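As stored in target-v5.cif (mmCIF, C-alpha atoms and all ligand atoms):
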data_work
#
loop_
_atom_site.group_PDB
_atom_site.id
_atom_site.type_symbol
_atom_site.label_atom_id
_atom_site.label_comp_id
_atom_site.auth_asym_id
_atom_site.auth_seq_id
_atom_site.Cartn_x
_atom_site.Cartn_y
_atom_site.Cartn_z
ATOM 1 C CA MET Y 1 13.011 -0.710 -14.901
ATOM 2 C CA LYS Y 2 9.350 -1.581 -15.498
ATOM 3 C CA SER Y 3 7.539 -0.874 -12.244
ATOM 4 C CA LEU Y 4 4.125 -1.293 -10.695
ATOM 5 C CA VAL Y 5 2.617 0.476 -7.695
ATOM 6 C CA VAL Y 6 -0.464 -1.364 -6.441
ATOM 7 C CA PHE Y 7 -2.216 0.065 -3.401
ATOM 8 C CA PHE Y 8 -5.319 0.372 -1.262
ATOM 9 C CA SER Y 9 -6.346 3.619 0.355
ATOM 10 C CA LEU Y 10 -9.525 4.454 2.258
ATOM 11 C CA GLU Y 11 -9.044 8.123 3.028
ATOM 12 C CA GLY Y 12 -6.541 9.183 0.380
ATOM 13 C CA HIS Y 13 -3.236 9.437 2.255
ATOM 14 C CA THR Y 14 -1.732 6.298 0.746
ATOM 15 C CA LYS Y 15 -3.228 7.197 -2.619
ATOM 16 C CA TYR Y 16 -1.551 10.594 -2.505
ATOM 17 C CA VAL Y 17 1.900 9.068 -1.989
ATOM 18 C CA ALA Y 18 1.284 6.147 -4.353
ATOM 19 C CA LYS Y 19 0.506 8.598 -7.167
ATOM 20 C CA LEU Y 20 3.647 10.657 -6.521
ATOM 21 C CA LEU Y 21 5.740 7.509 -6.298
ATOM 22 C CA ALA Y 22 4.307 6.134 -9.554
ATOM 23 C CA GLU Y 23 5.002 9.455 -11.295
ATOM 24 C CA GLU Y 24 8.605 9.481 -10.086
ATOM 25 C CA LEU Y 25 9.122 5.827 -11.074
ATOM 26 C CA LYS Y 26 7.113 6.162 -14.308
ATOM 27 C CA ALA Y 27 5.318 3.125 -12.958
ATOM 28 C CA ASP Y 28 1.910 1.647 -13.696
ATOM 29 C CA LEU Y 29 -0.512 2.485 -10.895
ATOM 30 C CA VAL Y 30 -3.307 0.193 -9.738
ATOM 31 C CA GLU Y 31 -5.747 1.110 -6.980
ATOM 32 C CA LEU Y 32 -7.444 -1.830 -5.280
ATOM 33 C CA GLU Y 33 -11.176 -1.310 -4.831
ATOM 34 C CA THR Y 34 -13.488 -3.587 -2.906
ATOM 35 C CA VAL Y 35 -16.895 -4.752 -4.096
ATOM 36 C CA LYS Y 36 -18.369 -3.718 -0.748
ATOM 37 C CA GLU Y 37 -17.126 -0.295 0.259
ATOM 38 C CA TYR Y 38 -15.848 0.426 3.749
ATOM 39 C CA PRO Y 39 -17.439 3.309 5.670
ATOM 40 C CA LYS Y 40 -15.245 6.378 5.466
ATOM 41 C CA ARG Y 41 -16.423 8.274 8.541
ATOM 42 C CA GLY Y 42 -17.063 8.192 12.261
ATOM 43 C CA PHE Y 43 -17.523 5.241 14.532
ATOM 44 C CA ALA Y 44 -18.604 2.948 11.674
ATOM 45 C CA LYS Y 45 -15.238 3.426 9.974
ATOM 46 C CA TYR Y 46 -13.243 2.391 13.024
ATOM 47 C CA PHE Y 47 -15.630 -0.398 13.921
ATOM 48 C CA TRP Y 48 -15.952 -2.117 10.514
ATOM 49 C CA CYS Y 49 -12.456 -1.412 9.250
ATOM 50 C CA GLY Y 50 -10.942 -2.331 12.604
ATOM 51 C CA LYS Y 51 -12.913 -5.587 12.743
ATOM 52 C CA ALA Y 52 -12.037 -6.494 9.140
ATOM 53 C CA SER Y 53 -8.398 -5.887 9.904
ATOM 54 C CA VAL Y 54 -8.237 -7.738 13.217
ATOM 55 C CA PHE Y 55 -9.891 -10.790 11.634
ATOM 56 C CA ARG Y 56 -7.539 -10.547 8.619
ATOM 57 C CA GLU Y 57 -10.497 -10.602 6.246
ATOM 58 C CA LYS Y 58 -10.043 -10.996 2.498
ATOM 59 C CA PRO Y 59 -12.760 -8.892 0.876
ATOM 60 C CA GLU Y 60 -13.770 -9.439 -2.727
ATOM 61 C CA LEU Y 61 -12.039 -6.980 -5.041
ATOM 62 C CA LYS Y 62 -13.566 -5.064 -7.950
ATOM 63 C CA THR Y 63 -10.071 -4.568 -9.314
ATOM 64 C CA LYS Y 64 -8.455 -7.200 -11.507
ATOM 65 C CA ILE Y 65 -5.231 -8.567 -10.007
ATOM 66 C CA PRO Y 66 -2.349 -7.207 -12.094
ATOM 67 C CA ASP Y 67 -0.071 -9.411 -14.182
ATOM 68 C CA PHE Y 68 3.031 -9.237 -11.981
ATOM 69 C CA SER Y 69 5.215 -11.086 -14.495
ATOM 70 C CA LYS Y 70 5.558 -7.883 -16.562
ATOM 71 C CA TYR Y 71 7.367 -5.985 -13.810
ATOM 72 C CA GLU Y 72 10.839 -5.877 -12.318
ATOM 73 C CA LEU Y 73 9.849 -3.671 -9.349
ATOM 74 C CA ILE Y 74 6.537 -4.164 -7.550
ATOM 75 C CA VAL Y 75 5.494 -1.784 -4.786
ATOM 76 C CA ILE Y 76 2.566 -2.720 -2.539
ATOM 77 C CA GLY Y 77 0.991 0.235 -0.749
ATOM 78 C CA THR Y 78 -1.274 0.126 2.292
ATOM 79 C CA PRO Y 79 -2.335 2.041 5.380
ATOM 80 C CA VAL Y 80 -1.961 0.331 8.762
ATOM 81 C CA TRP Y 81 -5.233 -0.702 10.381
ATOM 82 C CA ALA Y 82 -5.025 -1.962 13.950
ATOM 83 C CA GLY Y 83 -1.379 -2.818 13.436
ATOM 84 C CA ASN Y 84 -2.074 -4.915 10.330
ATOM 85 C CA CYS Y 85 -1.939 -4.250 6.611
ATOM 86 C CA THR Y 86 -5.411 -3.614 5.223
ATOM 87 C CA PRO Y 87 -7.837 -6.414 4.222
ATOM 88 C CA PRO Y 88 -7.735 -5.672 0.453
ATOM 89 C CA ILE Y 89 -3.989 -6.325 0.664
ATOM 90 C CA ASN Y 90 -4.763 -9.691 2.298
ATOM 91 C CA THR Y 91 -6.853 -10.513 -0.769
ATOM 92 C CA LEU Y 92 -4.096 -9.356 -3.095
ATOM 93 C CA LEU Y 93 -1.518 -11.418 -1.234
ATOM 94 C CA SER Y 94 -3.722 -14.508 -1.380
ATOM 95 C CA LYS Y 95 -3.728 -14.231 -5.182
ATOM 96 C CA ALA Y 96 -0.264 -12.808 -5.820
ATOM 97 C CA SER Y 97 2.582 -15.142 -6.415
ATOM 98 C CA PHE Y 98 5.852 -13.868 -7.749
ATOM 99 C CA SER Y 99 9.512 -14.179 -6.925
ATOM 100 C CA GLY Y 100 12.766 -12.785 -8.224
ATOM 101 C CA LYS Y 101 11.374 -9.244 -8.168
ATOM 102 C CA LYS Y 102 12.338 -6.113 -6.311
ATOM 103 C CA LEU Y 103 9.600 -5.754 -3.703
ATOM 104 C CA GLY Y 104 8.816 -2.328 -2.291
ATOM 105 C CA ILE Y 105 6.409 -1.704 0.577
ATOM 106 C CA LEU Y 106 4.734 1.667 0.938
ATOM 107 C CA VAL Y 107 3.081 2.107 4.326
ATOM 108 C CA THR Y 108 1.197 5.058 5.771
ATOM 109 C CA ASN Y 109 -0.113 5.295 9.294
ATOM 110 C CA GLY Y 110 -0.824 7.602 12.199
ATOM 111 C CA GLY Y 111 2.536 7.099 13.850
ATOM 112 C CA GLY Y 112 2.501 3.612 15.356
ATOM 113 C CA SER Y 113 4.666 0.663 14.378
ATOM 114 C CA ILE Y 114 4.687 -0.631 10.804
ATOM 115 C CA ALA Y 115 6.716 -3.754 11.582
ATOM 116 C CA LYS Y 116 3.835 -6.234 11.720
ATOM 117 C CA CYS Y 117 2.279 -4.900 8.523
ATOM 118 C CA VAL Y 118 5.606 -5.130 6.666
ATOM 119 C CA LYS Y 119 6.151 -8.682 7.901
ATOM 120 C CA GLN Y 120 2.673 -9.753 6.780
ATOM 121 C CA ILE Y 121 3.542 -8.715 3.238
ATOM 122 C CA THR Y 122 7.089 -10.061 3.043
ATOM 123 C CA LYS Y 123 6.215 -13.393 4.699
ATOM 124 C CA VAL Y 124 3.890 -14.489 1.896
ATOM 125 C CA LEU Y 125 6.191 -13.343 -0.905
ATOM 126 C CA PRO Y 126 9.477 -15.180 -0.353
ATOM 127 C CA GLY Y 127 12.228 -15.159 -2.946
ATOM 128 C CA ASN Y 128 12.039 -11.445 -3.651
ATOM 129 C CA ASN Y 129 14.557 -8.719 -2.957
ATOM 130 C CA VAL Y 130 12.705 -6.812 -0.222
ATOM 131 C CA LEU Y 131 13.596 -3.121 -0.272
ATOM 132 C CA GLN Y 132 13.678 -0.754 2.677
ATOM 133 C CA PRO Y 133 9.997 0.091 3.451
ATOM 134 C CA LEU Y 134 8.832 3.535 2.398
ATOM 135 C CA HIS Y 135 6.921 4.888 5.407
ATOM 136 C CA PHE Y 136 4.919 8.098 5.832
ATOM 137 C CA VAL Y 137 2.957 9.382 8.800
ATOM 138 C CA ASN Y 138 -0.267 11.109 7.721
ATOM 139 C CA PRO Y 139 1.065 12.199 4.317
ATOM 140 C CA GLU Y 140 -0.857 15.018 2.659
ATOM 141 C CA GLU Y 141 -0.547 17.854 0.157
ATOM 142 C CA SER Y 142 0.952 20.288 2.708
ATOM 143 C CA LYS Y 143 3.974 17.963 3.024
ATOM 144 C CA ARG Y 144 4.416 17.488 -0.732
ATOM 145 C CA GLU Y 145 8.070 18.592 -0.940
ATOM 146 C CA GLU Y 146 9.117 16.517 2.063
ATOM 147 C CA ILE Y 147 7.317 13.488 0.617
ATOM 148 C CA LEU Y 148 8.885 13.950 -2.810
ATOM 149 C CA GLN Y 149 12.327 14.234 -1.274
ATOM 150 C CA LYS Y 150 11.879 10.991 0.629
ATOM 151 C CA ILE Y 151 10.557 9.239 -2.483
ATOM 152 C CA ARG Y 152 13.489 10.470 -4.569
ATOM 153 C CA SER Y 153 16.101 9.330 -2.083
ATOM 154 C CA TRP Y 154 14.370 5.944 -1.847
ATOM 155 C CA ILE Y 155 14.487 5.604 -5.639
ATOM 156 C CA ASN Y 156 18.160 6.652 -5.709
ATOM 157 C CA ALA Y 157 18.985 4.063 -3.055
ATOM 158 C CA ILE Y 158 17.288 1.232 -4.943
ATOM 159 C CA ASN Y 159 19.035 2.167 -8.180
ATOM 160 C CA GLU Y 160 22.494 2.065 -6.591
HETATM 161 C C1 LIG Y 201 -9.648 1.386 11.166
HETATM 162 C C2 LIG Y 201 -8.354 2.139 11.280
HETATM 163 C C3 LIG Y 201 -7.339 1.630 12.068
HETATM 164 C C4 LIG Y 201 -6.101 2.288 12.165
HETATM 165 N N1 LIG Y 201 -5.112 1.723 12.913
HETATM 166 C C5 LIG Y 201 -3.906 2.345 12.988
HETATM 167 C C6 LIG Y 201 -2.829 1.748 13.730
HETATM 168 O O1 LIG Y 201 -2.937 0.654 14.278
HETATM 169 N N2 LIG Y 201 -1.654 2.434 13.817
HETATM 170 C C7 LIG Y 201 -1.472 3.655 13.212
HETATM 171 O O2 LIG Y 201 -0.381 4.240 13.350
HETATM 172 N N3 LIG Y 201 -2.463 4.227 12.466
HETATM 173 C C8 LIG Y 201 -3.662 3.611 12.333
HETATM 174 N N4 LIG Y 201 -4.677 4.168 11.580
HETATM 175 C C9 LIG Y 201 -4.403 5.412 10.841
HETATM 176 C C10 LIG Y 201 -4.135 5.129 9.352
HETATM 177 O O3 LIG Y 201 -3.170 4.117 9.174
HETATM 178 C C11 LIG Y 201 -3.601 6.402 8.637
HETATM 179 O O4 LIG Y 201 -4.478 7.472 8.824
HETATM 180 C C12 LIG Y 201 -3.385 6.125 7.147
HETATM 181 O O5 LIG Y 201 -2.495 7.090 6.613
HETATM 182 C C13 LIG Y 201 -4.699 6.163 6.361
HETATM 183 O O6 LIG Y 201 -4.421 5.870 5.006
HETATM 184 P P1 LIG Y 201 -5.476 6.170 3.852
HETATM 185 O O7 LIG Y 201 -5.821 7.629 3.922
HETATM 186 O O8 LIG Y 201 -4.737 5.851 2.598
HETATM 187 O O9 LIG Y 201 -6.678 5.311 4.044
HETATM 188 C C14 LIG Y 201 -5.905 3.523 11.469
HETATM 189 C C15 LIG Y 201 -6.960 4.043 10.695
HETATM 190 C C16 LIG Y 201 -8.160 3.360 10.579
HETATM 191 C C17 LIG Y 201 -9.263 3.908 9.706
#
As a first step, turn the structure in this file into C-alpha cells.
Ligand SMILES: Cc1cc2nc3c(=O)[nH]c(=O)nc-3n(C[C@H](O)[C@H](O)[C@H](O)COP(=O)(O)O)c2cc1C
Amino acid sequence: MKSLVVFFSLEGHTKYVAKLLAEELKADLVELETVKEYPKRGFAKYFWCGKASVFREKPELKTKIPDFSKYELIVIGTPVWAGNCTPPINTLLSKASFSGKKLGILVTNGGGSIAKCVKQITKVLPGNNVLQPLHFVNPEESKREEILQKIRSWINAINE
C-alpha cells in the first residue's frame, strides 16, 4: 500500500514518531516547514505558538504540498497546541483535498485530550476511511520499543 506520512513538529517528538512510522510503513515522509519559524524556547514559544493555535492561523509553508493522489494511506501528524492541531496543519488542510483514502492521524501531546485536534482534521476531509488515531504522550528515544510496538499493532490493525 503506497503510503505518505506528512507532519509538523516543533520540538521533535512528533518527528521522532513520524520517522519510525514511515520506516515501518515504508512510506514517503514529508515534514512541513513554515517560512517564518516559531520560537522553540521559553515564554516566546508558548506565547507565539499558543496565539497562532488559538487563532487557528494558517502560516505560509516552505514545503510543497504533496500530491495526495499517489497514495492509498495518508497519515497527518501533529502535536496538540492549546487543544488544537498546529497551524501548519491548518494550512495543509486548507490546500488538501482528497477522498477515498485511508486517513491516519498521528497526534502527540503532553497528556491532555486529543479529541478536538482529531475532529479538526477529519471534519475537513470527508469521504475518507478515518483510522483509529495513533496517539503518543511525550514520545522520545527512551520509549523507542514501546513506541514501535504501538506502531506495529496499529499497522497490523489497519491491514486486517
Ligand atoms: C504552544 C504549546 C501548546 C501546547 N498545548 C498543549 C495542550 O493543549 N495539551 C497537551 O496535552 N499538550 C500541549 N502541548 C505539549 C505538546 O503537544 C507536546 O509536547 C508535543 O509532543 C510536542 O510535539 P513536537 O515535539 O513534535 O513539537 C503544547 C506545547 C506547546 C509548545
* **Given 7 Å and only C-alpha atoms and all ligand atoms, residues near ligand LIG 201 (chain Y) as a list in words** =>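 Taking only C-alpha atoms and all ligand atoms into account, the residues around ligand LIG 201 (chain Y) at most 7 Å away are Phe8, Ser9, Leu10, Glu11, Gly12, His13, Thr14, Lys15, Lys45, Tyr46, Phe47, Cys49, Gly50, Thr78, Pro79, Val80, Trp81, Ala82, Gly83, Asn84, Thr108, Asn109, Gly110, Gly111, Gly112, Ser113, Val137, Asn138 and Pro139 of chain Y.
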* **Separation of atom CA of Ile158 of chain Y from atom CA of Val30 of chain Y in Å** =>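 That distance, rounded to one decimal, is 21.2 Å.
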* Tell me which residues the PyMOL selection byres (((chain Y and resi 87) around 10) and not hetatm) grabs here, as a list in words. =>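 Here the PyMOL selection byres (((chain Y and resi 87) around 10) and not hetatm) matches Phe8, Thr34, Cys49, Gly50, Lys51, Ala52, Ser53, Val54, Phe55, Arg56, Glu57, Lys58, Pro59, Glu60, Thr78, Trp81, Asn84, Cys85, Thr86, Pro88, Ile89, Asn90, Thr91, Leu92 and Leu93 of chain Y.
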Neighbouring residues of segment 125-130 of chain Y were defined as those with any atom within 7 Å, considering all atoms listed in the file; residues of the same chain fewer than 3 positions away were excluded. Please report them as a PDB file with C-alpha atoms, in the frame of the given file.
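Everything below was put into out-v5.pdb:
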ATOM      1  CA  SER Y  97       2.582 -15.142  -6.415  1.00  0.00           C
ATOM      2  CA  PHE Y  98       5.852 -13.868  -7.749  1.00  0.00           C
ATOM      3  CA  SER Y  99       9.512 -14.179  -6.925  1.00  0.00           C
ATOM      4  CA  GLY Y 100      12.766 -12.785  -8.224  1.00  0.00           C
ATOM      5  CA  LYS Y 101      11.374  -9.244  -8.168  1.00  0.00           C
ATOM      6  CA  LYS Y 102      12.338  -6.113  -6.311  1.00  0.00           C
ATOM      7  CA  LEU Y 103       9.600  -5.754  -3.703  1.00  0.00           C
ATOM      8  CA  GLY Y 104       8.816  -2.328  -2.291  1.00  0.00           C
ATOM      9  CA  ILE Y 121       3.542  -8.715   3.238  1.00  0.00           C
ATOM     10  CA  THR Y 122       7.089 -10.061   3.043  1.00  0.00           C
TER      11      THR Y 122
END
* Selection: 7 Å around Leu61 of chain Y, only C-alpha atoms, excl. self and same-chain fewer than 4 positions, as a list in words ->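 Result of the neighbour search: Leu32, Glu33, Thr34 and Val35 of chain Y.
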* To do: Would you mind reading off the distance between atom CA of Leu134 of chain Y and atom CA of Leu106 of chain Y, one decimal, in Å?
  => 4.7 Å
Around all of segment 11-26 of chain Y's listed atoms, make the axis-aligned box with 4 Å on each side and tell me centre and edge lengths in Å to one decimal, as AutoDock Vina command-line options.
--center_x 0.0 --center_y 8.2 --center_z -5.6 --size_x 26.2 --size_y 12.8 --size_z 25.3
* Asked: Closest to Tyr71 of chain Y among Y:Glu160, Y:Lys116, Y:Lys2, Y:Gln132, using only C-alpha atoms?
  -> Y:Lys2
* Length of the atom CA of Ser94 of chain Y to atom CA of Glu24 of chain Y vector [Å] ->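 Between these atoms lies a distance of 28.3 Å.
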* **Distance criterion (all atoms listed in the file): nearest to Phe136 of chain Y out of Y:Ile76, Y:Val107, Y:Ala18, Y:Ile114** =>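 The answer is Y:Val107, which sits nearest to Phe136 of chain Y.
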* Spatial sel., origin (4.5, -6.0, -12.4), limit 10 Å, all atoms listed in the file, listed as a PyMOL selection string -> chain Y and resi 2-6+27-29+66-75+98+101-102
* **Spatial neighbours of Arg144 of chain Y, 12 Å, all atoms listed in the file, chain gap at least 3 places, as number ranges by chain** => Y: 13, 16-17, 19-21, 136, 138-141, 147-151
* To do: May I ask which of the residues Y:Arg152, Y:Lys62, Y:Ala157, Y:Pro39 is the closest one to Leu25 of chain Y, counting only C-alpha atoms?
  =>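 With only C-alpha atoms as the atom set, the closest residue is Y:Arg152.
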* Which is closest to Thr63 of chain Y among Y:Lys36, Y:Lys119, Y:His135, Y:Lys143, if we use all atoms listed in the file? ->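 The shortest atom-to-atom distance to Thr63 of chain Y comes from Y:Lys36.
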